[in-house]
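Text of run14.cif (mmCIF, C-alpha atoms) as supplied:
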data_input
loop_
_atom_site.group_PDB
_atom_site.id
_atom_site.type_symbol
_atom_site.label_atom_id
_atom_site.label_comp_id
_atom_site.auth_asym_id
_atom_site.auth_seq_id
_atom_site.Cartn_x
_atom_site.Cartn_y
_atom_site.Cartn_z
ATOM 1 C CA MET A 322 134.634 62.109 32.529
ATOM 2 C CA LYS A 323 133.283 64.158 29.654
ATOM 3 C CA ASN A 324 134.462 61.427 27.257
ATOM 4 C CA PHE A 325 132.958 58.512 29.199
ATOM 5 C CA MET A 326 130.073 56.423 27.878
ATOM 6 C CA ILE A 327 127.994 53.464 28.979
ATOM 7 C CA GLY A 328 126.285 50.859 26.845
ATOM 8 C CA GLN A 329 122.652 49.839 26.735
ATOM 9 C CA TYR A 330 122.193 46.474 25.047
ATOM 10 C CA GLY A 331 118.927 44.752 24.297
ATOM 11 C CA LYS A 332 116.807 47.435 25.897
ATOM 12 C CA PHE A 333 116.882 50.714 27.749
ATOM 13 C CA ASP A 334 117.630 49.509 31.265
ATOM 14 C CA PRO A 335 116.493 52.172 33.781
ATOM 15 C CA ALA A 336 118.383 50.577 36.691
ATOM 16 C CA LYS A 337 121.663 50.484 34.753
ATOM 17 C CA TYR A 338 121.044 54.029 33.544
ATOM 18 C CA VAL A 339 120.567 55.356 37.076
ATOM 19 C CA ARG A 340 123.514 53.420 38.518
ATOM 20 C CA ASP A 341 126.102 53.625 35.730
ATOM 21 C CA PHE A 342 125.485 56.905 33.924
ATOM 22 C CA LYS A 343 126.955 59.940 35.678
ATOM 23 C CA GLU A 344 126.498 63.655 35.160
ATOM 24 C CA GLY A 345 129.049 64.892 32.656
ATOM 25 C CA PHE A 346 129.298 61.621 30.750
ATOM 26 C CA TYR A 347 129.457 61.991 26.974
ATOM 27 C CA GLY A 348 126.738 59.557 26.014
ATOM 28 C CA ILE A 349 125.201 56.110 25.637
ATOM 29 C CA GLU A 350 125.888 53.428 23.036
ATOM 30 C CA ALA A 351 122.760 51.470 22.040
ATOM 31 C CA CYS A 352 122.619 48.039 20.445
ATOM 32 C CA LEU A 353 120.029 45.387 19.576
ATOM 33 C CA PHE A 354 117.017 47.068 21.191
ATOM 34 C CA ASP A 355 113.984 44.799 21.242
ATOM 35 C CA SER A 356 111.354 47.538 21.123
ATOM 36 C CA ASP A 357 110.802 50.893 19.467
ATOM 37 C CA GLU A 358 109.497 52.147 22.813
ATOM 38 C CA ASP A 359 112.929 51.731 24.390
ATOM 39 C CA ILE A 360 114.502 53.621 21.486
ATOM 40 C CA LEU A 361 112.096 56.495 22.126
ATOM 41 C CA ILE A 362 112.977 56.479 25.835
ATOM 42 C CA LEU A 363 116.665 56.718 24.949
ATOM 43 C CA GLN A 364 115.963 59.575 22.572
ATOM 44 C CA ARG A 365 113.890 61.413 25.160
ATOM 45 C CA GLU A 366 116.555 61.050 27.855
ATOM 46 C CA SER A 367 119.244 62.198 25.445
ATOM 47 C CA ARG A 368 117.370 65.386 24.669
ATOM 48 C CA ALA A 369 116.438 66.041 28.288
ATOM 49 C CA ARG A 370 119.957 65.584 29.679
ATOM 50 C CA GLY A 371 121.976 66.655 26.670
ATOM 51 C CA PHE A 372 124.048 63.536 26.089
ATOM 52 C CA SER A 373 125.012 61.988 22.743
ATOM 53 C CA ILE A 374 123.805 58.700 21.316
ATOM 54 C CA GLY A 375 126.019 56.202 19.549
ATOM 55 C CA VAL A 376 124.769 53.072 17.833
ATOM 56 C CA HIS A 377 126.526 49.727 17.908
ATOM 57 C CA PHE A 378 125.080 48.156 14.762
ATOM 58 C CA PRO A 379 122.433 46.929 14.631
ATOM 59 C CA LEU A 380 120.194 49.250 16.625
ATOM 60 C CA ARG A 381 117.188 46.937 16.353
ATOM 61 C CA ALA A 382 117.070 43.263 17.191
ATOM 62 C CA GLY A 383 115.276 40.788 14.974
ATOM 63 C CA GLN A 384 116.127 42.366 11.628
ATOM 64 C CA SER A 385 118.479 39.557 10.602
ATOM 65 C CA VAL A 386 119.381 36.035 11.664
ATOM 66 C CA LEU A 387 123.004 37.190 11.869
ATOM 67 C CA ARG A 388 124.588 39.397 14.511
ATOM 68 C CA ASP A 389 126.676 41.424 12.043
ATOM 69 C CA ALA A 390 126.467 42.546 8.431
ATOM 70 C CA LEU A 391 128.754 40.370 6.300
ATOM 71 C CA PHE A 392 129.849 43.171 3.973
ATOM 72 C CA MET A 393 133.072 41.377 3.000
ATOM 73 C CA ASP A 394 131.616 37.935 2.288
ATOM 74 C CA ALA A 395 132.777 36.036 -0.776
ATOM 75 C CA ASP A 396 129.194 35.539 -1.926
ATOM 76 C CA ASP A 397 127.817 38.430 -3.997
ATOM 77 C CA GLN A 398 124.265 37.960 -2.744
ATOM 78 C CA THR A 399 125.344 37.880 0.901
ATOM 79 C CA ARG A 400 127.301 41.115 0.462
ATOM 80 C CA ALA A 401 124.377 42.766 -1.308
ATOM 81 C CA GLU A 402 122.035 41.766 1.502
ATOM 82 C CA ALA A 403 124.483 43.114 4.078
ATOM 83 C CA TYR A 404 124.580 46.540 2.438
ATOM 84 C CA GLU A 405 120.795 46.554 2.068
ATOM 85 C CA TRP A 406 120.437 45.775 5.777
ATOM 86 C CA MET A 407 122.845 48.550 6.742
ATOM 87 C CA GLU A 408 120.980 50.961 4.449
ATOM 88 C CA ARG A 409 117.649 50.152 6.130
ATOM 89 C CA GLU A 410 119.015 50.479 9.641
ATOM 90 C CA LEU A 411 120.740 53.779 8.889
ATOM 91 C CA ALA A 412 117.535 55.157 7.423
ATOM 92 C CA PHE A 413 115.545 54.001 10.441
ATOM 93 C CA MET A 414 117.912 55.563 12.978
ATOM 94 C CA ALA A 415 118.221 58.897 11.159
ATOM 95 C CA SER A 416 115.665 60.539 13.451
ATOM 96 C CA LEU A 417 117.749 59.443 16.431
ATOM 97 C CA GLN A 418 120.657 61.498 15.052
ATOM 98 C CA PRO A 419 123.415 59.227 16.341
ATOM 99 C CA THR A 420 126.823 60.817 16.678
ATOM 100 C CA TYR A 421 128.387 57.625 15.380
ATOM 101 C CA VAL A 422 127.433 54.188 14.099
ATOM 102 C CA LEU A 423 129.794 51.315 14.837
ATOM 103 C CA PHE A 424 130.279 48.133 12.808
ATOM 104 C CA HIS A 425 132.502 45.124 13.499
ATOM 105 C CA TYR A 426 135.359 44.891 10.979
ATOM 106 C CA PRO A 427 136.309 42.833 9.152
ATOM 107 C CA LYS A 428 133.161 40.749 8.693
ATOM 108 C CA PRO A 429 133.425 37.899 8.119
ATOM 109 C CA VAL A 430 136.424 37.838 10.441
ATOM 110 C CA ILE A 431 139.526 36.496 8.728
ATOM 111 C CA LEU A 432 141.161 33.847 10.887
ATOM 112 C CA ASP A 433 144.862 33.065 10.775
ATOM 113 C CA ASP A 434 145.211 29.388 9.823
ATOM 114 C CA ARG A 435 148.122 29.026 12.243
ATOM 115 C CA VAL A 436 146.065 29.851 15.359
ATOM 116 C CA ASP A 437 143.714 27.789 17.537
ATOM 117 C CA TRP A 438 140.543 29.916 17.706
ATOM 118 C CA ARG A 439 138.354 27.592 19.769
ATOM 119 C CA THR A 440 138.062 30.074 22.657
ATOM 120 C CA TRP A 441 136.935 32.918 20.376
ATOM 121 C CA ARG A 442 133.205 33.471 20.543
ATOM 122 C CA PHE A 443 131.197 33.593 17.324
ATOM 123 C CA TYR A 444 127.421 33.775 17.070
ATOM 124 C CA ASP A 445 127.341 31.929 13.743
ATOM 125 C CA SER A 446 129.848 29.967 11.652
ATOM 126 C CA ARG A 447 129.217 32.362 8.755
ATOM 127 C CA GLU A 448 130.860 35.133 10.771
ATOM 128 C CA TYR A 449 134.381 33.948 9.994
ATOM 129 C CA VAL A 450 136.478 32.661 7.127
ATOM 130 C CA TRP A 451 139.965 31.195 7.147
ATOM 131 C CA GLU A 452 142.814 33.261 5.774
ATOM 132 C CA HIS A 453 143.607 30.808 3.010
ATOM 133 C CA VAL A 454 140.048 31.206 1.669
ATOM 134 C CA LEU A 455 140.129 35.010 1.353
ATOM 135 C CA THR A 456 143.209 36.462 -0.322
ATOM 136 C CA GLU A 457 144.818 39.697 0.787
ATOM 137 C CA ALA A 458 143.873 41.283 -2.543
ATOM 138 C CA GLU A 459 140.205 40.385 -1.978
ATOM 139 C CA PHE A 460 140.388 41.724 1.565
ATOM 140 C CA GLN A 461 141.783 45.027 0.353
ATOM 141 C CA TYR A 462 139.282 45.378 -2.484
ATOM 142 C CA ARG A 463 136.249 44.762 -0.264
ATOM 143 C CA SER A 464 137.641 46.987 2.477
ATOM 144 C CA GLU A 465 137.977 49.852 0.000
ATOM 145 C CA GLN A 466 134.371 49.291 -1.111
ATOM 146 C CA LEU A 467 133.204 49.436 2.502
ATOM 147 C CA PHE A 468 135.176 52.579 3.340
ATOM 148 C CA ALA A 469 133.893 54.420 0.279
ATOM 149 C CA TRP A 470 130.289 53.445 1.048
ATOM 150 C CA LEU A 471 130.490 54.338 4.736
ATOM 151 C CA ALA A 472 132.199 57.651 4.061
ATOM 152 C CA GLU A 473 129.370 58.627 1.720
ATOM 153 C CA LYS A 474 126.666 57.485 4.144
ATOM 154 C CA GLY A 475 128.309 59.280 7.037
ATOM 155 C CA LYS A 476 128.382 62.503 5.055
ATOM 156 C CA GLU A 477 124.783 62.078 3.878
ATOM 157 C CA LEU A 478 123.316 61.221 7.296
ATOM 158 C CA ARG A 479 125.783 63.193 9.431
ATOM 159 C CA PHE A 480 127.284 60.484 11.585
ATOM 160 C CA THR A 481 130.821 59.232 12.124
ATOM 161 C CA PRO A 482 131.343 55.680 10.824
ATOM 162 C CA VAL A 483 133.321 53.659 13.373
ATOM 163 C CA LEU A 484 134.855 50.250 12.698
ATOM 164 C CA GLU A 485 135.479 48.059 15.720
ATOM 165 C CA LEU A 486 138.466 45.833 15.056
ATOM 166 C CA ASP A 487 137.411 42.225 15.534
ATOM 167 C CA ALA A 488 139.883 39.336 15.514
ATOM 168 C CA LEU A 489 142.766 40.429 13.282
ATOM 169 C CA ASN A 490 145.072 38.582 10.951
ATOM 170 C CA ARG A 491 148.281 39.528 9.196
ATOM 171 C CA TYR A 492 146.393 41.405 6.448
ATOM 172 C CA VAL A 493 145.955 44.118 9.093
ATOM 173 C CA TYR A 494 148.822 43.940 11.561
ATOM 174 C CA GLU A 495 151.592 43.097 9.060
ATOM 175 C CA SER A 496 150.487 45.663 6.485
ATOM 176 C CA VAL A 497 150.037 49.436 6.245
ATOM 177 C CA PHE A 498 146.947 49.003 4.068
ATOM 178 C CA LEU A 499 144.410 49.807 6.793
ATOM 179 C CA GLU A 500 146.330 52.915 7.830
ATOM 180 C CA ARG A 501 146.360 54.092 4.233
ATOM 181 C CA LEU A 502 142.600 53.642 4.026
ATOM 182 C CA LEU A 503 142.099 55.577 7.251
ATOM 183 C CA LEU A 504 144.184 58.421 5.847
ATOM 184 C CA LYS A 505 142.326 58.320 2.533
ATOM 185 C CA TYR A 506 138.924 58.329 4.291
ATOM 186 C CA PRO A 507 139.595 60.477 7.389
ATOM 187 C CA THR A 508 135.929 60.638 8.438
ATOM 188 C CA ILE A 509 136.043 56.922 9.252
ATOM 189 C CA LYS A 510 137.364 56.050 12.709
ATOM 190 C CA LEU A 511 138.148 52.926 14.711
ATOM 191 C CA CYS A 512 137.087 51.332 17.963
ATOM 192 C CA LEU A 513 139.653 49.350 19.944
ATOM 193 C CA ASP A 514 138.252 46.684 22.270
ATOM 194 C CA THR A 515 140.572 45.925 25.193
ATOM 195 C CA GLY A 516 138.969 42.540 25.829
ATOM 196 C CA ARG A 517 139.299 41.354 22.231
ATOM 197 C CA LEU A 518 142.864 42.608 21.969
ATOM 198 C CA PHE A 519 143.906 40.953 25.202
ATOM 199 C CA LEU A 520 142.279 37.612 24.416
ATOM 200 C CA GLN A 521 143.762 37.484 20.927
ATOM 201 C CA GLU A 522 147.247 38.091 22.297
ATOM 202 C CA LYS A 523 146.705 35.230 24.724
ATOM 203 C CA ILE A 524 145.690 32.706 22.063
ATOM 204 C CA ASP A 525 147.590 34.031 19.020
ATOM 205 C CA PRO A 526 151.402 33.808 19.290
ATOM 206 C CA PHE A 527 151.789 36.122 16.261
ATOM 207 C CA PHE A 528 149.687 38.962 17.687
ATOM 208 C CA ASP A 529 150.951 41.897 19.775
ATOM 209 C CA ALA A 530 148.090 43.855 21.338
ATOM 210 C CA ARG A 531 150.238 46.765 22.456
ATOM 211 C CA HIS A 532 151.654 47.183 18.968
ATOM 212 C CA VAL A 533 148.147 47.269 17.490
ATOM 213 C CA ILE A 534 147.051 49.841 20.077
ATOM 214 C CA GLN A 535 150.170 51.917 19.426
ATOM 215 C CA THR A 536 149.505 51.835 15.684
ATOM 216 C CA TYR A 537 145.777 52.501 15.616
ATOM 217 C CA ALA A 538 144.952 54.538 18.740
ATOM 218 C CA LYS A 539 145.444 57.769 16.812
ATOM 219 C CA TYR A 540 142.600 56.769 14.479
ATOM 220 C CA ALA A 541 140.248 55.684 17.270
ATOM 221 C CA TRP A 542 136.915 57.311 18.018
ATOM 222 C CA SER A 543 136.303 55.072 21.014
ATOM 223 C CA ILE A 544 137.702 52.395 23.279
ATOM 224 C CA HIS A 545 135.469 49.533 24.373
ATOM 225 C CA LEU A 546 136.895 49.168 27.848
ATOM 226 C CA LYS A 547 136.592 45.957 29.800
ATOM 227 C CA SER A 548 138.846 43.458 31.477
ATOM 228 C CA MET A 549 138.973 39.689 31.771
ATOM 229 C CA LYS A 550 141.179 37.045 33.285
ATOM 230 C CA VAL A 551 142.949 34.504 31.094
ATOM 231 C CA THR A 552 145.085 31.680 32.440
ATOM 232 C CA PRO A 553 146.430 28.620 30.616
ATOM 233 C CA ASP A 554 143.298 26.702 31.590
ATOM 234 C CA THR A 555 140.491 29.245 31.734
ATOM 235 C CA VAL A 556 138.956 32.400 30.311
ATOM 236 C CA GLU A 557 136.860 33.994 33.045
ATOM 237 C CA PHE A 558 135.439 37.257 34.354
ATOM 238 C CA VAL A 559 134.600 38.277 30.790
ATOM 239 C CA HIS A 560 133.322 41.869 30.556
ATOM 240 C CA PHE A 561 134.673 42.641 34.028
ATOM 241 C CA PRO A 562 135.165 46.300 35.025
ATOM 242 C CA ALA A 563 138.727 47.618 34.942
ATOM 243 C CA LEU A 564 140.023 47.790 38.505
ATOM 244 C CA PRO A 565 143.552 48.562 39.738
ATOM 245 C CA GLU A 566 143.651 45.496 41.974
ATOM 246 C CA CYS A 567 143.214 43.165 38.980
ATOM 247 C CA LYS A 568 146.891 42.519 38.296
ATOM 248 C CA PRO A 569 148.314 41.376 34.927
ATOM 249 C CA GLU A 570 150.663 38.957 36.683
ATOM 250 C CA GLU A 571 147.552 37.125 37.903
ATOM 251 C CA GLY A 572 146.173 36.797 34.374
ATOM 252 C CA TRP A 573 144.155 40.019 34.098
ATOM 253 C CA ALA A 574 144.285 42.298 31.073
ATOM 254 C CA PRO A 575 147.029 44.973 31.376
ATOM 255 C CA ILE A 576 144.556 47.858 31.311
ATOM 256 C CA GLU A 577 147.034 50.375 32.745
ATOM 257 C CA ASP A 578 149.509 49.664 29.942
ATOM 258 C CA TYR A 579 146.797 49.896 27.292
ATOM 259 C CA LEU A 580 145.422 53.206 28.577
ATOM 260 C CA THR A 581 148.897 54.665 28.990
ATOM 261 C CA ILE A 582 149.572 54.047 25.294
ATOM 262 C CA ILE A 583 146.152 55.395 24.328
ATOM 263 C CA ARG A 584 146.557 58.564 26.400
ATOM 264 C CA LYS A 585 149.830 59.375 24.647
ATOM 265 C CA GLU A 586 148.384 58.748 21.184
ATOM 266 C CA ASN A 587 144.837 60.088 21.503
ATOM 267 C CA SER A 588 143.837 61.893 24.682
ATOM 268 C CA HIS A 589 140.398 62.816 23.276
ATOM 269 C CA VAL A 590 139.193 59.275 22.617
ATOM 270 C CA LYS A 591 135.822 58.231 24.031
ATOM 271 C CA ILE A 592 135.838 55.515 26.698
ATOM 272 C CA MET A 593 132.811 53.258 26.373
ATOM 273 C CA PHE A 594 132.558 51.050 29.456
ATOM 274 C CA GLU A 595 131.577 47.747 27.857
ATOM 275 C CA HIS A 596 131.707 45.940 31.157
ATOM 276 C CA ARG A 597 129.028 44.235 33.189
ATOM 277 C CA SER A 598 128.763 46.535 36.166
ATOM 278 C CA ASP A 599 126.490 44.053 37.949
ATOM 279 C CA GLN A 600 129.633 42.030 38.685
ATOM 280 C CA VAL A 601 130.922 44.691 41.110
ATOM 281 C CA THR A 602 129.706 46.838 43.991
ATOM 282 C CA ASP A 603 128.800 50.512 43.742
ATOM 283 C CA GLU A 604 132.110 51.395 45.391
ATOM 284 C CA GLN A 605 134.091 49.291 42.929
ATOM 285 C CA LEU A 606 132.258 50.868 39.985
ATOM 286 C CA GLU A 607 133.132 54.343 41.249
ATOM 287 C CA ARG A 608 136.730 53.215 41.727
ATOM 288 C CA CYS A 609 136.786 51.947 38.148
ATOM 289 C CA TYR A 610 135.668 55.363 36.869
ATOM 290 C CA ARG A 611 138.195 57.223 39.040
ATOM 291 C CA TRP A 612 141.084 54.968 38.049
ATOM 292 C CA VAL A 613 140.395 55.213 34.326
ATOM 293 C CA LYS A 614 140.044 58.991 34.593
ATOM 294 C CA GLN A 615 143.390 59.150 36.392
ATOM 295 C CA LEU A 616 145.157 56.963 33.841
ATOM 296 C CA LEU A 617 143.922 59.119 30.971
ATOM 297 C CA SER A 618 144.654 62.476 32.574
ATOM 298 C CA GLU A 619 148.065 61.996 34.156
ATOM 299 C CA PRO A 620 151.370 60.795 32.697
ATOM 300 C CA GLN A 621 151.927 57.165 33.583
ATOM 301 C CA GLU A 622 155.051 55.085 33.402
ATOM 302 C CA PRO A 623 154.625 51.504 32.087
ATOM 303 C CA THR A 624 154.260 49.047 34.936
ATOM 304 C CA SER A 625 156.891 46.453 35.733
ATOM 305 C CA SER A 626 154.432 43.850 34.453
ATOM 306 C CA SER A 627 154.199 45.455 31.004
ATOM 307 C CA ASN A 628 155.663 42.368 29.353
ATOM 308 C CA SER A 629 153.861 39.841 31.507
ATOM 309 C CA THR A 630 151.354 38.947 28.803
#
Take the structure in the file and write it out as structure tokens.
Amino acid sequence: MKNFMIGQYGKFDPAKYVRDFKEGFYGIEACLFDSDEDILILQRESRARGFSIGVHFPLRAGQSVLRDALFMDADDQTRAEAYEWMERELAFMASLQPTYVLFHYPKPVILDDRVDWRTWRFYDSREYVWEHVLTEAEFQYRSEQLFAWLAEKGKELRFTPVLELDALNRYVYESVFLERLLLKYPTIKLCLDTGRLFLQEKIDPFFDARHVIQTYAKYAWSIHLKSMKVTPDTVEFVHFPALPECKPEEGWAPIEDYLTIIRKENSHVKIMFEHRSDQVTDEQLERCYRWVKQLLSEPQEPTSSSNST
């Protein structure tokens, strides 16, 4: 469990900290804290117990009307403001000495025109753009700008830049461009979100979650681990803990398959439990931790339901 993490979103939640964080865990990922006092509590606990801090950008709430920095927007002013915002936040959190800082990528998300995205959650309509609006050449140019900037900032402030793959289009999964960038800028890593990957495969007939995991797990710093249940009529139990009794044939995310691929490609990846633990009992939470530890530490054969989604 030395690579396990929990998240603290909105505030430092003492009850969640006591219940979810276990001795030997790697650290805590913080996001959108409402008060500087909570940031100081997190810093104090980190120093006292010797765990690492990661930041899911932005660290502070209320710094922008948007949830994410739109560093790939078509508008020059919007992009400039995004980089200025990131610069301010990185400077502010320097004293916290985060091990990594995570950003959603790409932003705006580039949506495949062929897919019905109505079930995908966006905080603001400015967070996405349709594929026909942003060319692949523009995507590649702005991605290179971002990678170069983040690599320099990571070196300057001594953190690992991590890009969490948001909804993906063919510019990523039908091209080797992103892999080439990751090889060119090896200090930049990825985050794979099991919930996002699973949901996209369910709504996007052109998307193969296992193929994306197979391709990019080797470049991953962390996995945002959570489950959900998707049936033809509903999306439910979002941010549910990964449990062995939640079967893919019943509509649950194939977590065992995902983690089996990840273990083979990158056994040192951090597992950040991005679930809502309040949805389960203490015993179920412990079972979640044990099961994930087992899947990552022992060879596993793909389940018979590996093609069920």
Pick from A:Leu478, A:Cys352, A:Val559, A:Leu499 nearest to Gly516 in chain A, counting all atoms listed in the file: A:Val559
Pick out the residues sitting within 7 Å of range 502-506 of chain A, and hand them over as a PyMOL selection string; count only C-alpha atoms, and ignore anything fewer than 4 positions along from it in its own chain. chain A and resi 468+472+498
Can you pull out the residues contacting Glu366 in chain A? Cut-off 12 Å, using all atoms listed in the file, and skip same-chain residues under 6 positions away; I want them as a PyMOL selection string. chain A and resi 333+335+338-339+342+348-349+359-360+372-374+417
Where does the PyMOL selection byres ((chain A and resi 593-598) around 6) land in this file, that is, which residues does it pick, as a list in words? Phe325, Met326, Ile327, Ile544, His545, Leu546, Lys547, His560, Phe561, Pro562, Ile592, Asp599, Gln600 and Val601 of chain A
Residues from the last selection, C-alpha atoms, saved as an mmCIF file, in the frame of the given file:
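The resulting again28.cif:
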data_model
loop_
_atom_site.group_PDB
_atom_site.id
_atom_site.type_symbol
_atom_site.label_atom_id
_atom_site.label_comp_id
_atom_site.auth_asym_id
_atom_site.auth_seq_id
_atom_site.Cartn_x
_atom_site.Cartn_y
_atom_site.Cartn_z
ATOM 1 C CA PHE A 325 132.958 58.512 29.199
ATOM 2 C CA MET A 326 130.073 56.423 27.878
ATOM 3 C CA ILE A 327 127.994 53.464 28.979
ATOM 4 C CA ILE A 544 137.702 52.395 23.279
ATOM 5 C CA HIS A 545 135.469 49.533 24.373
ATOM 6 C CA LEU A 546 136.895 49.168 27.848
ATOM 7 C CA LYS A 547 136.592 45.957 29.800
ATOM 8 C CA HIS A 560 133.322 41.869 30.556
ATOM 9 C CA PHE A 561 134.673 42.641 34.028
ATOM 10 C CA PRO A 562 135.165 46.300 35.025
ATOM 11 C CA ILE A 592 135.838 55.515 26.698
ATOM 12 C CA ASP A 599 126.490 44.053 37.949
ATOM 13 C CA GLN A 600 129.633 42.030 38.685
ATOM 14 C CA VAL A 601 130.922 44.691 41.110
#
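Contact shell of Gly572 in chain A at 12 Å (all atoms listed in the file; same-chain neighbours under 5 positions omitted): Phe519, Leu520, Lys523, Ser548, Met549, Lys550, Val551, Thr552, Pro553, Asp554, Thr555, Val556, Glu557, Phe558, Glu566, Cys567, Ser626, Ser629 and Thr630 of chain A.
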For a cutoff of 8 Å around the file-coordinate point (128.5, 66.1, 34.7), which residues qualify once you count only C-alpha atoms? I'd like the result as a ChimeraX atom specification. /A:322-323,343-346
Would you save the residues from that selection as a PDB file, in the coordinates of the input, using C-alpha atoms?
ATOM      1  CA  MET A 322     134.634  62.109  32.529  1.00  0.00           C
ATOM      2  CA  LYS A 323     133.283  64.158  29.654  1.00  0.00           C
ATOM      3  CA  LYS A 343     126.955  59.940  35.678  1.00  0.00           C
ATOM      4  CA  GLU A 344     126.498  63.655  35.160  1.00  0.00           C
ATOM      5  CA  GLY A 345     129.049  64.892  32.656  1.00  0.00           C
ATOM      6  CA  PHE A 346     129.298  61.621  30.750  1.00  0.00           C
TER       7      PHE A 346
END
If you take every atom of range 385-395 of chain A that the file lists and fit an axis-aligned box around them with 3 Å extra on each side, what centre and edge lengths come out in Å to one decimal, as lines of an AutoDock Vina configuration file?
center_x = 125.8
center_y = 39.6
center_z = 6.9
size_x = 20.6
size_y = 13.1
size_z = 21.3
What lies within 9 Å of Glu586 in chain A using only C-alpha atoms, ignoring chain neighbours under 4 positions off, as a PDB file with C-alpha atoms, in the frame of the given file?
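Generated file (result05.pdb):
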ATOM      1  CA  GLN A 535     150.170  51.917  19.426  1.00  0.00           C
ATOM      2  CA  THR A 536     149.505  51.835  15.684  1.00  0.00           C
ATOM      3  CA  TYR A 537     145.777  52.501  15.616  1.00  0.00           C
ATOM      4  CA  ALA A 538     144.952  54.538  18.740  1.00  0.00           C
ATOM      5  CA  LYS A 539     145.444  57.769  16.812  1.00  0.00           C
ATOM      6  CA  THR A 581     148.897  54.665  28.990  1.00  0.00           C
ATOM      7  CA  ILE A 582     149.572  54.047  25.294  1.00  0.00           C
TER       8      ILE A 582
END
Which polymer residues have any atom within 9 Å of an atom of Val422 in chain A, counting only C-alpha atoms, with same-chain residues fewer than 6 positions away left out, as a PDB file with C-alpha atoms, keeping the file's coordinate frame?
ATOM      1  CA  GLY A 375     126.019  56.202  19.549  1.00  0.00           C
ATOM      2  CA  VAL A 376     124.769  53.072  17.833  1.00  0.00           C
ATOM      3  CA  HIS A 377     126.526  49.727  17.908  1.00  0.00           C
ATOM      4  CA  PHE A 378     125.080  48.156  14.762  1.00  0.00           C
ATOM      5  CA  PRO A 379     122.433  46.929  14.631  1.00  0.00           C
ATOM      6  CA  LEU A 411     120.740  53.779   8.889  1.00  0.00           C
ATOM      7  CA  GLY A 475     128.309  59.280   7.037  1.00  0.00           C
ATOM      8  CA  PHE A 480     127.284  60.484  11.585  1.00  0.00           C
ATOM      9  CA  THR A 481     130.821  59.232  12.124  1.00  0.00           C
ATOM     10  CA  PRO A 482     131.343  55.680  10.824  1.00  0.00           C
ATOM     11  CA  VAL A 483     133.321  53.659  13.373  1.00  0.00           C
ATOM     12  CA  LEU A 484     134.855  50.250  12.698  1.00  0.00           C
TER      13      LEU A 484
END
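Considering the residues A:Ala351, A:Leu606, A:Val450, A:Ala369 and counting only C-alpha atoms, Met414 in chain A has its shortest atom-to-atom contact with A:Ala351.
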Step by step: locate range 470-495 of chain A in the block above, keep C-alpha atoms, then write the file as a PDB file, in the first residue's frame.
ATOM      1  CA  TRP A 470       6.108  25.103 -20.434  1.00  0.00           C
ATOM      2  CA  LEU A 471       5.264  22.421 -17.877  1.00  0.00           C
ATOM      3  CA  ALA A 472       8.631  20.720 -18.233  1.00  0.00           C
ATOM      4  CA  GLU A 473      10.368  24.010 -17.465  1.00  0.00           C
ATOM      5  CA  LYS A 474       8.089  24.787 -14.517  1.00  0.00           C
ATOM      6  CA  GLY A 475       8.499  21.304 -13.106  1.00  0.00           C
ATOM      7  CA  LYS A 476      12.266  21.647 -13.230  1.00  0.00           C
ATOM      8  CA  GLU A 477      12.182  25.143 -11.717  1.00  0.00           C
ATOM      9  CA  LEU A 478       9.792  24.314  -8.860  1.00  0.00           C
ATOM     10  CA  ARG A 479      10.752  20.651  -8.424  1.00  0.00           C
ATOM     11  CA  PHE A 480       7.468  18.907  -9.060  1.00  0.00           C
ATOM     12  CA  THR A 481       6.337  16.291 -11.559  1.00  0.00           C
ATOM     13  CA  PRO A 482       3.787  17.644 -14.058  1.00  0.00           C
ATOM     14  CA  VAL A 483       0.969  15.123 -14.506  1.00  0.00           C
ATOM     15  CA  LEU A 484      -1.669  15.302 -17.234  1.00  0.00           C
ATOM     16  CA  GLU A 485      -4.937  13.528 -16.532  1.00  0.00           C
ATOM     17  CA  LEU A 486      -6.432  12.321 -19.792  1.00  0.00           C
ATOM     18  CA  ASP A 487      -9.930  13.741 -20.111  1.00  0.00           C
ATOM     19  CA  ALA A 488     -12.338  12.685 -22.859  1.00  0.00           C
ATOM     20  CA  LEU A 489     -10.178  11.669 -25.823  1.00  0.00           C
ATOM     21  CA  ASN A 490     -10.631  11.906 -29.552  1.00  0.00           C
ATOM     22  CA  ARG A 491      -8.795  10.391 -32.484  1.00  0.00           C
ATOM     23  CA  TYR A 492      -6.010  13.007 -32.277  1.00  0.00           C
ATOM     24  CA  VAL A 493      -4.806  10.972 -29.285  1.00  0.00           C
ATOM     25  CA  TYR A 494      -5.886   7.367 -29.701  1.00  0.00           C
ATOM     26  CA  GLU A 495      -5.338   7.106 -33.479  1.00  0.00           C
TER      27      GLU A 495
END
